[in-house]
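Q: Please see the structure below; I have some questions.
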Amino acid sequence: MPVPKIAENFRGSVNKITLGATSADGGTRTTTVTVGGAANVVYAGSSESAGEKPIIAMDVLDVAPDDWPEHLLECYKDVIGDPAAWAKKCVEEYGADVICLKFDGIHPDKGDKDAEHAVKVTKDVLAAVGVPVILWGCNNYEKDNRIMPKVSEAAKGEKCLIGTVSESNYKSLTAIALADEHFLITEAPLDINIAKQVNILVSDMGFPLERVVTFQSTGALGYGIEYSYSIQERQRLATLGGDKMMAMPVICDIGSEAWRTKEAKAADAPGWGDAAKRGPLWEASTAVCLMQAGTDILRMRHPKAVATVKNFIDELY
Amino acid sequence: MFYSIGERINGMFDDVKQAIASKDKNVIQNLAKRQTEAGAKYLDVNVGTAAADQEGTMAWLVETIQETCKTPLSLDSQKLNVIEAGFKVADTSMGILLNSTPLNKKDDDEILDKFIALAQQAGPDGKIIALTMDKNGVPQDTDTRVAIAAGIVEKAMEADFATDRLFIDPIVLPVKVPNAQTQPEAILTAIDQIKYLADPIPHITMGLSNMSQGSTERSLINRIFLAMTICHGADSAIVDVLDDQLMDVLATAEMLMNKQLYSDSYLKAYREL
């Protein structure tokens, strides 16, 4: 008997999406980015089946952060509190592919800023940079439902990625993202079954699955990264098996999770090595690890970590 | 992934028979649409026995369906020339299933090779249903079924036809005939063994509704046996996809076997895959 052919033959692939709209497409972005398209597990198969390169979205906060460690703040000391200048710096100096505008300041416990503030920041950032923008709420449902629709409207036509929506809170933002033609982030609390359910729910509202990015929740290195890893891996396998409800590109929140860890933050820990190197290394390690489970968009913070991960991506793709 | 093959476009059904006689495209196109929406991965096309010109009728059915529907077809006939007539006019770019051939026949030792050659013409998505049946007829026991399946796999390999392009049908016989009650178990045991014949694993399919032929509890018998075959590794069946409860059983069995991710709306999601 001849030797049988045993090449893997996957049926599905990750949806390919292009964030950002240039003037030709009714927006004001100068560049767009395309992610997704993988038709195999990460780093297996042909280079064609690898899909698009993962991209880095650098975090810009709408207000000055109050819990960032010194080594991280140092990189942004001249722009903290000025989201437009901050975004510009990320793009021009640090090579961000995309800006993730995070509205921490609208959270009731972190400033309780109003819609006027959020809309102004959104417009300022969109005017300051030409790359696509992610608009990420404060994860307080009530506040997000009140403010994020206004933010969405202010960015109408720019084909932003907006989020997040969850199983228990998805209607308002899904409706407005649909109307304003944005892409949508569906969030699940490290639970693959709920992840699928949220996608079904937004799909039931008529939101096209081809405009969804999934966020499975992120655990940093040493703080639950294995849960994120195995869920993303499971999602990729479901995608390859043809599950259309799971075939979305994946976003990870590397930056805020990595910089919450004591290993990244602690300055006074002599046995742990130089804090200036340790923090970025913690962030980069988290990013590189989760990329291997299939991450398309990496939210990151420290420029050194960004440079390391960009280099890693370029070596591999 | 379970390949349900929608059985409704068959000249044995009165509505289809009449549509063929009066060349009523709407009935056929409507069935194609409804079965696709219900989750059929292939649409079976069988001219039945009513039409005098079987080849012409097959071609007409294929053209009629493909005017409005892109779901791959399963060209169903015991006669190669009828399947060929459909194949000639079919758009095979979405894939096609040739349904079906035994390992060999008394009057044609090469019948399987001919089916393989025809399927090859459609490219990598040209597939065939091969019955565990040979010139000696339909086997009644597990061992003969598996031996014939091994013969089918061997022929496919010799022809450089990937084994996952085979849908092996262990042949379902009505439970309501004398001494046939041993058949369901023999089929399940055969499925267990056929899975180990080749890598990639050949698909396992069957004409599910045969099981309940002539019985009173047709739908119930079909549903339960479907769940049992999935449990043993079957990944296809020719079924009435318009039977909602049957499709719920299919979705649930697939979910319980971890072939589909659970979600609270899994019954709905399953039909949209």
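For the structure tokens, the naming scheme is as follows: chains receive sequential letters (A, B, ...) according to their order of presentation, residues are indexed from 1 within each chain, and ligands are indexed from 1 in presentation order.
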Quick one: which residues from chain B are at most 8 Å off chain A, using only C-alpha atoms, as a list in words?
A: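 Going by the stated atoms only, the list reads Met1, Glu154, Met157, Glu158, Ala162, Thr163, Ala198, Asp199, Pro200, Gln260, Leu261, Tyr262, Ser263, Asp264, Ser265, Ala269, Glu272 and Leu273 of chain B.
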Q: Please give the complete set of residues from range 256-292 of chain A that DSSP, run on the backbone, assigns to alpha helix (DSSP H), formatted as a CSV table (one decimal) with N, CA and C atoms, in the first residue's frame.
A:
chain,number,residue,atom,x,y,z
A,256,SER,N,-1.8,46.7,30.3
A,256,SER,CA,-2.3,46.9,31.7
A,256,SER,C,-2.1,45.7,32.6
A,257,GLU,N,-2.2,44.5,32.0
A,257,GLU,CA,-2.1,43.3,32.9
A,257,GLU,C,-0.6,43.1,33.3
A,258,ALA,N,0.3,43.3,32.4
A,258,ALA,CA,1.7,43.1,32.7
A,258,ALA,C,2.2,44.1,33.7
A,262,LYS,N,3.6,42.8,40.4
A,262,LYS,CA,4.7,43.3,41.2
A,262,LYS,C,6.1,43.1,40.6
A,263,GLU,N,6.2,42.1,39.8
A,263,GLU,CA,7.5,41.8,39.1
A,263,GLU,C,7.8,43.0,38.1
A,264,ALA,N,6.8,43.5,37.5
A,264,ALA,CA,7.1,44.6,36.6
A,264,ALA,C,7.2,46.0,37.3
A,265,LYS,N,6.5,46.1,38.4
A,265,LYS,CA,6.4,47.4,39.1
A,265,LYS,C,7.5,47.7,40.1
A,275,ALA,N,15.1,47.2,37.5
A,275,ALA,CA,13.6,47.4,37.3
A,275,ALA,C,13.4,48.0,35.9
A,276,ALA,N,14.3,48.8,35.4
A,276,ALA,CA,14.1,49.4,34.1
A,276,ALA,C,14.1,48.4,33.0
A,277,LYS,N,14.8,47.3,33.2
A,277,LYS,CA,14.7,46.2,32.2
A,277,LYS,C,13.6,45.2,32.5
A,278,ARG,N,13.4,45.0,33.8
A,278,ARG,CA,12.5,43.9,34.2
A,278,ARG,C,11.1,44.1,33.8
A,279,GLY,N,10.6,45.4,33.9
A,279,GLY,CA,9.2,45.7,33.6
A,279,GLY,C,8.9,45.4,32.1
A,280,PRO,N,9.7,46.1,31.2
A,280,PRO,CA,9.5,45.9,29.8
A,280,PRO,C,9.7,44.4,29.4
A,281,LEU,N,10.6,43.7,30.0
A,281,LEU,CA,10.8,42.3,29.7
A,281,LEU,C,9.5,41.5,30.1
A,282,TRP,N,8.9,41.8,31.2
A,282,TRP,CA,7.7,41.1,31.7
A,282,TRP,C,6.6,41.3,30.7
A,283,GLU,N,6.5,42.6,30.2
A,283,GLU,CA,5.4,42.9,29.2
A,283,GLU,C,5.7,42.2,27.9
A,284,ALA,N,7.0,42.2,27.5
A,284,ALA,CA,7.3,41.6,26.2
A,284,ALA,C,7.1,40.0,26.2
A,285,SER,N,7.5,39.5,27.4
A,285,SER,CA,7.3,38.0,27.5
A,285,SER,C,5.9,37.6,27.5
A,286,THR,N,5.0,38.4,28.1
A,286,THR,CA,3.6,38.1,28.1
A,286,THR,C,3.1,38.2,26.7
A,287,ALA,N,3.5,39.2,26.0
A,287,ALA,CA,3.0,39.4,24.6
A,287,ALA,C,3.5,38.2,23.7
A,288,VAL,N,4.7,37.9,23.8
A,288,VAL,CA,5.3,36.9,22.9
A,288,VAL,C,4.6,35.5,23.1
A,289,CYS,N,4.4,35.3,24.4
A,289,CYS,CA,3.7,34.0,24.8
A,289,CYS,C,2.3,33.9,24.2
A,290,LEU,N,1.6,35.0,24.4
A,290,LEU,CA,0.2,35.0,23.9
A,290,LEU,C,0.0,35.0,22.4
A,291,MET,N,1.0,35.6,21.8
A,291,MET,CA,1.1,35.6,20.3
A,291,MET,C,1.1,34.1,19.8
Q: Can you tell me which residues surround Pro189 in chain A at a distance of at most 12 Å, considering only C-alpha atoms, apart from same-chain residues fewer than 4 positions away, and format the answer as an MDAnalysis selection string?
A: chainID A and resid 164:168 193:198 214:219 227:228 231
Q: Which residues, written as a PDB file with N, CA and C atoms, in the first residue's frame, have at least one atom at most 7 Å from range 61-63 of chain A, with only C-alpha atoms counted and residues fewer than 5 positions away on the same chain left out?
A:
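out-v1.pdb, freshly written:
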ATOM      1  N   GLY A  81      -1.340  63.263  30.149  1.00  0.00           N
ATOM      2  CA  GLY A  81      -2.399  64.254  30.347  1.00  0.00           C
ATOM      3  C   GLY A  81      -2.795  64.943  29.053  1.00  0.00           C
ATOM      4  N   PRO A  83      -3.694  63.527  25.619  1.00  0.00           N
ATOM      5  CA  PRO A  83      -3.866  62.305  24.811  1.00  0.00           C
ATOM      6  C   PRO A  83      -3.434  62.454  23.344  1.00  0.00           C
ATOM      7  N   LEU A 101      -7.191  54.023  22.497  1.00  0.00           N
ATOM      8  CA  LEU A 101      -7.584  55.094  23.408  1.00  0.00           C
ATOM      9  C   LEU A 101      -8.462  54.491  24.497  1.00  0.00           C
ATOM     10  N   LYS A 102      -7.913  54.497  25.721  1.00  0.00           N
ATOM     11  CA  LYS A 102      -8.590  53.840  26.837  1.00  0.00           C
ATOM     12  C   LYS A 102      -9.197  54.906  27.741  1.00  0.00           C
ATOM     13  N   PHE A 103     -10.518  54.803  27.912  1.00  0.00           N
ATOM     14  CA  PHE A 103     -11.229  55.848  28.655  1.00  0.00           C
ATOM     15  C   PHE A 103     -11.315  55.525  30.140  1.00  0.00           C
ATOM     16  N   ASP A 104     -10.168  55.450  30.793  1.00  0.00           N
ATOM     17  CA  ASP A 104     -10.173  55.222  32.243  1.00  0.00           C
ATOM     18  C   ASP A 104     -10.879  56.352  32.981  1.00  0.00           C
ATOM     19  N   GLY A 105     -10.703  57.567  32.457  1.00  0.00           N
ATOM     20  CA  GLY A 105     -11.173  58.764  33.169  1.00  0.00           C
ATOM     21  C   GLY A 105     -12.684  58.875  33.290  1.00  0.00           C
ATOM     22  N   VAL A 121     -11.564  64.213  23.585  1.00  0.00           N
ATOM     23  CA  VAL A 121     -10.341  63.400  23.517  1.00  0.00           C
ATOM     24  C   VAL A 121     -10.346  62.564  22.235  1.00  0.00           C
TER      25      VAL A 121
END
Q: Residues at most 8 Å from Asn104 in chain B, counting only C-alpha atoms, excluding those fewer than 6 positions away in the same chain, as a PyMOL selection string?
A: chain B and resi 110-112+133-135
Q: Tell me which protein, DNA and RNA residues are within 12 Å of Ser23 in chain A, counting only C-alpha atoms, leaving out same-chain ones fewer than 2 positions away, and put them as a list in words.
A: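 Listing them by chain and then by number gives Gly20, Ala21, Asp25, Gly26, Gly27, Thr28, Arg29, Thr30, Thr31, Thr32, Gly130, Gly157, Glu158 and Lys159 of chain A.
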Q: Store the residues of this selection in a file with C-alpha atoms, as an mmCIF file, in the first residue's frame.
A:
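As written to disk, again.cif reads:
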data_model
loop_
_atom_site.group_PDB
_atom_site.id
_atom_site.type_symbol
_atom_site.label_atom_id
_atom_site.label_comp_id
_atom_site.auth_asym_id
_atom_site.auth_seq_id
_atom_site.Cartn_x
_atom_site.Cartn_y
_atom_site.Cartn_z
ATOM 1 C CA GLY A 20 -9.406 52.395 9.693
ATOM 2 C CA ALA A 21 -10.951 54.298 6.817
ATOM 3 C CA ASP A 25 -13.310 55.160 2.172
ATOM 4 C CA GLY A 26 -15.044 58.074 3.842
ATOM 5 C CA GLY A 27 -12.671 58.509 6.797
ATOM 6 C CA THR A 28 -9.626 60.606 7.643
ATOM 7 C CA ARG A 29 -7.054 57.883 8.437
ATOM 8 C CA THR A 30 -3.809 58.046 6.457
ATOM 9 C CA THR A 31 -3.165 54.329 6.926
ATOM 10 C CA THR A 32 -5.219 51.217 7.534
ATOM 11 C CA GLY A 130 -3.373 58.980 10.970
ATOM 12 C CA GLY A 157 -16.846 56.813 9.441
ATOM 13 C CA GLU A 158 -13.333 56.122 10.774
ATOM 14 C CA LYS A 159 -13.887 52.358 11.048
#
Q: Can you list, as a ChimeraX atom specification, every protein, DNA or RNA residue that comes within 9 Å of range 41-57 of chain B when you count only C-alpha atoms, leaving out same-chain residues fewer than 5 positions away?
A: /B:2-13,16-17,20-21,32,35-36,62,71-77,81-86,96-97,99,238
Q: Generate the output file for the selected residues, N, CA and C atoms, as an mmCIF file, in the first residue's frame.
A:
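And here's part-v2.cif as it stands now:
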data_model
loop_
_atom_site.group_PDB
_atom_site.id
_atom_site.type_symbol
_atom_site.label_atom_id
_atom_site.label_comp_id
_atom_site.auth_asym_id
_atom_site.auth_seq_id
_atom_site.Cartn_x
_atom_site.Cartn_y
_atom_site.Cartn_z
ATOM 1 N N PHE B 2 -20.013 17.903 11.124
ATOM 2 C CA PHE B 2 -20.895 16.848 10.662
ATOM 3 C C PHE B 2 -21.465 17.249 9.299
ATOM 4 N N TYR B 3 -21.364 16.339 8.355
ATOM 5 C CA TYR B 3 -21.871 16.627 7.014
ATOM 6 C C TYR B 3 -23.273 16.051 6.879
ATOM 7 N N SER B 4 -24.277 16.891 7.119
ATOM 8 C CA SER B 4 -25.628 16.393 6.895
ATOM 9 C C SER B 4 -25.973 16.580 5.420
ATOM 10 N N ILE B 5 -26.481 15.524 4.850
ATOM 11 C CA ILE B 5 -26.836 15.533 3.434
ATOM 12 C C ILE B 5 -28.364 15.560 3.365
ATOM 13 N N GLY B 6 -28.902 16.661 2.870
ATOM 14 C CA GLY B 6 -30.366 16.840 2.864
ATOM 15 C C GLY B 6 -31.027 15.918 1.845
ATOM 16 N N GLU B 7 -31.980 15.116 2.323
ATOM 17 C CA GLU B 7 -32.517 14.033 1.494
ATOM 18 C C GLU B 7 -33.750 14.387 0.669
ATOM 19 N N ARG B 8 -34.245 15.645 0.807
ATOM 20 C CA ARG B 8 -35.593 15.921 0.311
ATOM 21 C C ARG B 8 -35.751 16.024 -1.202
ATOM 22 N N ILE B 9 -34.667 16.345 -1.917
ATOM 23 C CA ILE B 9 -34.848 16.457 -3.374
ATOM 24 C C ILE B 9 -34.671 15.061 -3.979
ATOM 25 N N ASN B 10 -35.751 14.306 -3.887
ATOM 26 C CA ASN B 10 -35.740 12.909 -4.300
ATOM 27 C C ASN B 10 -37.085 12.603 -4.951
ATOM 28 N N GLY B 11 -37.030 12.059 -6.145
ATOM 29 C CA GLY B 11 -38.246 11.758 -6.902
ATOM 30 C C GLY B 11 -39.188 10.789 -6.210
ATOM 31 N N MET B 12 -38.739 10.183 -5.100
ATOM 32 C CA MET B 12 -39.611 9.298 -4.340
ATOM 33 C C MET B 12 -40.659 10.098 -3.559
ATOM 34 N N PHE B 13 -40.356 11.369 -3.284
ATOM 35 C CA PHE B 13 -41.339 12.211 -2.595
ATOM 36 C C PHE B 13 -42.325 12.766 -3.618
ATOM 37 N N VAL B 16 -41.749 16.333 -5.163
ATOM 38 C CA VAL B 16 -40.617 16.389 -6.099
ATOM 39 C C VAL B 16 -40.989 15.676 -7.406
ATOM 40 N N LYS B 17 -41.677 14.567 -7.229
ATOM 41 C CA LYS B 17 -42.102 13.785 -8.392
ATOM 42 C C LYS B 17 -42.983 14.643 -9.322
ATOM 43 N N ILE B 20 -40.985 17.403 -10.997
ATOM 44 C CA ILE B 20 -40.210 16.882 -12.132
ATOM 45 C C ILE B 20 -41.128 16.741 -13.347
ATOM 46 N N ALA B 21 -42.329 16.190 -13.100
ATOM 47 C CA ALA B 21 -43.265 15.948 -14.199
ATOM 48 C C ALA B 21 -43.709 17.249 -14.858
ATOM 49 N N ALA B 32 -34.291 23.405 -1.904
ATOM 50 C CA ALA B 32 -32.839 23.641 -1.801
ATOM 51 C C ALA B 32 -32.570 24.731 -0.768
ATOM 52 N N GLN B 35 -33.539 23.565 2.901
ATOM 53 C CA GLN B 35 -32.588 22.587 3.449
ATOM 54 C C GLN B 35 -31.246 23.247 3.774
ATOM 55 N N THR B 36 -30.841 24.206 2.929
ATOM 56 C CA THR B 36 -29.591 24.924 3.196
ATOM 57 C C THR B 36 -29.709 25.700 4.504
ATOM 58 N N VAL B 62 -30.161 19.427 -11.340
ATOM 59 C CA VAL B 62 -28.898 20.084 -10.968
ATOM 60 C C VAL B 62 -28.922 21.540 -11.423
ATOM 61 N N THR B 71 -25.124 25.538 -2.393
ATOM 62 C CA THR B 71 -24.771 24.404 -1.540
ATOM 63 C C THR B 71 -24.279 23.242 -2.423
ATOM 64 N N PRO B 72 -23.169 22.601 -2.041
ATOM 65 C CA PRO B 72 -22.676 21.492 -2.855
ATOM 66 C C PRO B 72 -23.724 20.383 -2.973
ATOM 67 N N LEU B 73 -23.671 19.684 -4.081
ATOM 68 C CA LEU B 73 -24.679 18.656 -4.336
ATOM 69 C C LEU B 73 -24.122 17.253 -4.101
ATOM 70 N N SER B 74 -25.043 16.357 -3.772
ATOM 71 C CA SER B 74 -24.735 14.937 -3.689
ATOM 72 C C SER B 74 -25.564 14.281 -4.793
ATOM 73 N N LEU B 75 -24.891 13.887 -5.864
ATOM 74 C CA LEU B 75 -25.601 13.304 -7.011
ATOM 75 C C LEU B 75 -25.863 11.843 -6.703
ATOM 76 N N ASP B 76 -27.138 11.511 -6.573
ATOM 77 C CA ASP B 76 -27.523 10.227 -5.992
ATOM 78 C C ASP B 76 -28.195 9.342 -7.037
ATOM 79 N N SER B 77 -27.510 8.282 -7.403
ATOM 80 C CA SER B 77 -28.106 7.287 -8.285
ATOM 81 C C SER B 77 -27.285 6.008 -8.191
ATOM 82 N N ASN B 81 -24.135 6.462 -15.207
ATOM 83 C CA ASN B 81 -24.466 7.376 -16.308
ATOM 84 C C ASN B 81 -25.407 8.504 -15.864
ATOM 85 N N VAL B 82 -26.260 8.221 -14.881
ATOM 86 C CA VAL B 82 -27.159 9.260 -14.373
ATOM 87 C C VAL B 82 -26.350 10.289 -13.563
ATOM 88 N N ILE B 83 -25.432 9.788 -12.751
ATOM 89 C CA ILE B 83 -24.573 10.700 -11.982
ATOM 90 C C ILE B 83 -23.730 11.552 -12.944
ATOM 91 N N GLU B 84 -23.213 10.903 -13.976
ATOM 92 C CA GLU B 84 -22.397 11.630 -14.963
ATOM 93 C C GLU B 84 -23.197 12.753 -15.639
ATOM 94 N N ALA B 85 -24.460 12.476 -15.901
ATOM 95 C CA ALA B 85 -25.314 13.479 -16.558
ATOM 96 C C ALA B 85 -25.462 14.714 -15.671
ATOM 97 N N GLY B 86 -25.556 14.489 -14.357
ATOM 98 C CA GLY B 86 -25.635 15.618 -13.431
ATOM 99 C C GLY B 86 -24.294 16.317 -13.308
ATOM 100 N N ILE B 96 -18.391 18.454 -4.614
ATOM 101 C CA ILE B 96 -19.476 17.592 -5.070
ATOM 102 C C ILE B 96 -19.291 16.209 -4.469
ATOM 103 N N LEU B 97 -20.405 15.537 -4.268
ATOM 104 C CA LEU B 97 -20.376 14.203 -3.681
ATOM 105 C C LEU B 97 -21.079 13.250 -4.645
ATOM 106 N N ASN B 99 -22.855 9.805 -5.145
ATOM 107 C CA ASN B 99 -23.566 8.961 -4.201
ATOM 108 C C ASN B 99 -24.381 7.896 -4.969
ATOM 109 N N ILE B 238 -27.310 10.935 5.556
ATOM 110 C CA ILE B 238 -28.328 11.468 4.652
ATOM 111 C C ILE B 238 -29.599 11.527 5.480
#
Q: Which one of B:Met211, B:Val153, B:Cys231, B:Ala237 sits closest to Met255 in chain B if you count only C-alpha atoms?
A: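 Of B:Met211, B:Val153, B:Cys231, B:Ala237, the one nearest Met255 in chain B is B:Cys231, counting only C-alpha atoms.
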Q: Can you tell me how far CA of Gly111 in chain A sits from CA of Asn140 in chain A, in Å to one decimal?
A: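 Separation of CA of Gly111 in chain A and CA of Asn140 in chain A: 12.6 Å.
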Q: Let me make sure I understand: among B:Ile171, B:Ala251, B:Val241, B:Leu166, which one has the smallest atom-to-atom distance to Arg34 in chain B if we use only C-alpha atoms?
A: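 Ranking B:Ile171, B:Ala251, B:Val241, B:Leu166 by distance to Arg34 in chain B, first place goes to B:Val241.
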Q: Could you give me, as a ChimeraX atom specification, each residue of range 144-259 of chain A that DSSP assigns to strand (DSSP E or B) when run on this structure's backbone?
A: /A:161-166,169,183-187,212-215,250-253
Q: Go ahead and compute the interatomic distance for CA of Leu256 in chain B and CA of Ala190 in chain B, in Å to one decimal.
A: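 That distance, rounded to one decimal, is 21.8 Å.
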Q: Please, what distance in Å, to one decimal, runs between CA of Ala188 in chain A and CA of Glu233 in chain A?
A: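 Interatomic distance here is 14.8 Å.
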